[in-house]
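Participant: The structure is given below, and queries will be raised subsequently.
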Amino acid sequence: MKPARHVFVCLNQRPEGHPRGSCGALGAKSVMEAFAGEFEKRGLFEKNLLTGAGCMGPCDQGPTVVVYPEGVWYVRVTPKDVPEICESHLVNGTPVARLELR
Ligand code: FES
């Protein structure tokens, strides 16, 4: 069965001081952990996939999260934003506009 939605969390880690920065250096691991916890709590793994990803581009605005099939890009995501993304986007189908990449 194909998933309803697929959430990719960039986990790329560059060394401290690297000119491009990285989602890993900006706290992506704790964002991934928050998603895993929320998926577990809400039973989201039944219909959705959660995958750690490599660099997707907007490194200095990380952590970057992309949700398909809509192709919504979220930037500067913190663990506090994760319940809202899960509730609004994954459960109710409404992306969280304030976190979208412009
Ligand atoms: S390191 Fe995450 S988008 Fe590049």
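Residues in the structure tokens are named by chain (A, B, ... in the order shown) and by number from 1 within that chain; ligands are numbered from 1 in the order shown.
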Around ligand 1, out to 9 Å and counting only C-alpha atoms and all ligand atoms, which residues are there? I want them as an MDAnalysis selection string.

Facilitator: chainID A and resid 9:14 20:26 28 53:65 75

Participant: Within 10 Å of A:Ala97, counting only C-alpha atoms, which residues qualify if same-chain residues fewer than 3 places away don't, as a list in words?

Facilitator: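 After dropping sequence-adjacent residues, the list is Val72, Trp73, Tyr74, Ile85, His89, Thr94, Glu100, Leu101 and Arg102 of chain A.
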
Participant: Selection from above, C-alpha atoms, as a compact mmCIF listing (two decimals), in the first residue's frame, can you write it?

Facilitator:
# COMPACT_ATOMS: atom_id res chain seq x y z
CA VAL A 72 5.47 21.23 0.82
CA TRP A 73 8.84 22.44 2.09
CA TYR A 74 9.15 23.49 5.69
CA ILE A 85 2.63 19.87 11.36
CA HIS A 89 -0.96 18.76 7.64
CA THR A 94 -3.76 21.69 5.73
CA GLU A 100 6.73 27.03 4.49
CA LEU A 101 9.78 27.92 2.42
CA ARG A 102 9.10 31.13 0.51

Participant: Mind checking DSSP for stretch 47-81 of chain A and telling me the strand (DSSP E) residues as number ranges by chain?

Facilitator: A: 48-53, 65-68, 72-74

Participant: Could you turn the residues from that selection into a file that holds C-alpha atoms, as a PDB file, in the first residue's frame?

Facilitator:
ATOM      1  CA  ASN A  48       2.445   7.601   6.515  1.00  0.00           C
ATOM      2  CA  LEU A  49       6.176   7.212   6.121  1.00  0.00           C
ATOM      3  CA  LEU A  50       8.913   9.075   7.984  1.00  0.00           C
ATOM      4  CA  THR A  51      12.390   9.074   6.449  1.00  0.00           C
ATOM      5  CA  GLY A  52      15.679  10.728   7.340  1.00  0.00           C
ATOM      6  CA  ALA A  53      17.168  12.399   4.278  1.00  0.00           C
ATOM      7  CA  VAL A  65      11.342  19.016   6.236  1.00  0.00           C
ATOM      8  CA  VAL A  66       9.552  18.075   2.992  1.00  0.00           C
ATOM      9  CA  VAL A  67       6.128  16.445   2.835  1.00  0.00           C
ATOM     10  CA  TYR A  68       4.856  14.562  -0.237  1.00  0.00           C
ATOM     11  CA  VAL A  72       5.466  21.233   0.824  1.00  0.00           C
ATOM     12  CA  TRP A  73       8.844  22.444   2.086  1.00  0.00           C
ATOM     13  CA  TYR A  74       9.153  23.492   5.692  1.00  0.00           C
TER      14      TYR A  74
END

Participant: Using atom CA of A:His18 and atom CA of A:Glu33 as the two end points, give the distance in Å to one decimal.

Facilitator: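 Result for atom CA of A:His18 versus atom CA of A:Glu33: 24.1 Å, one decimal.
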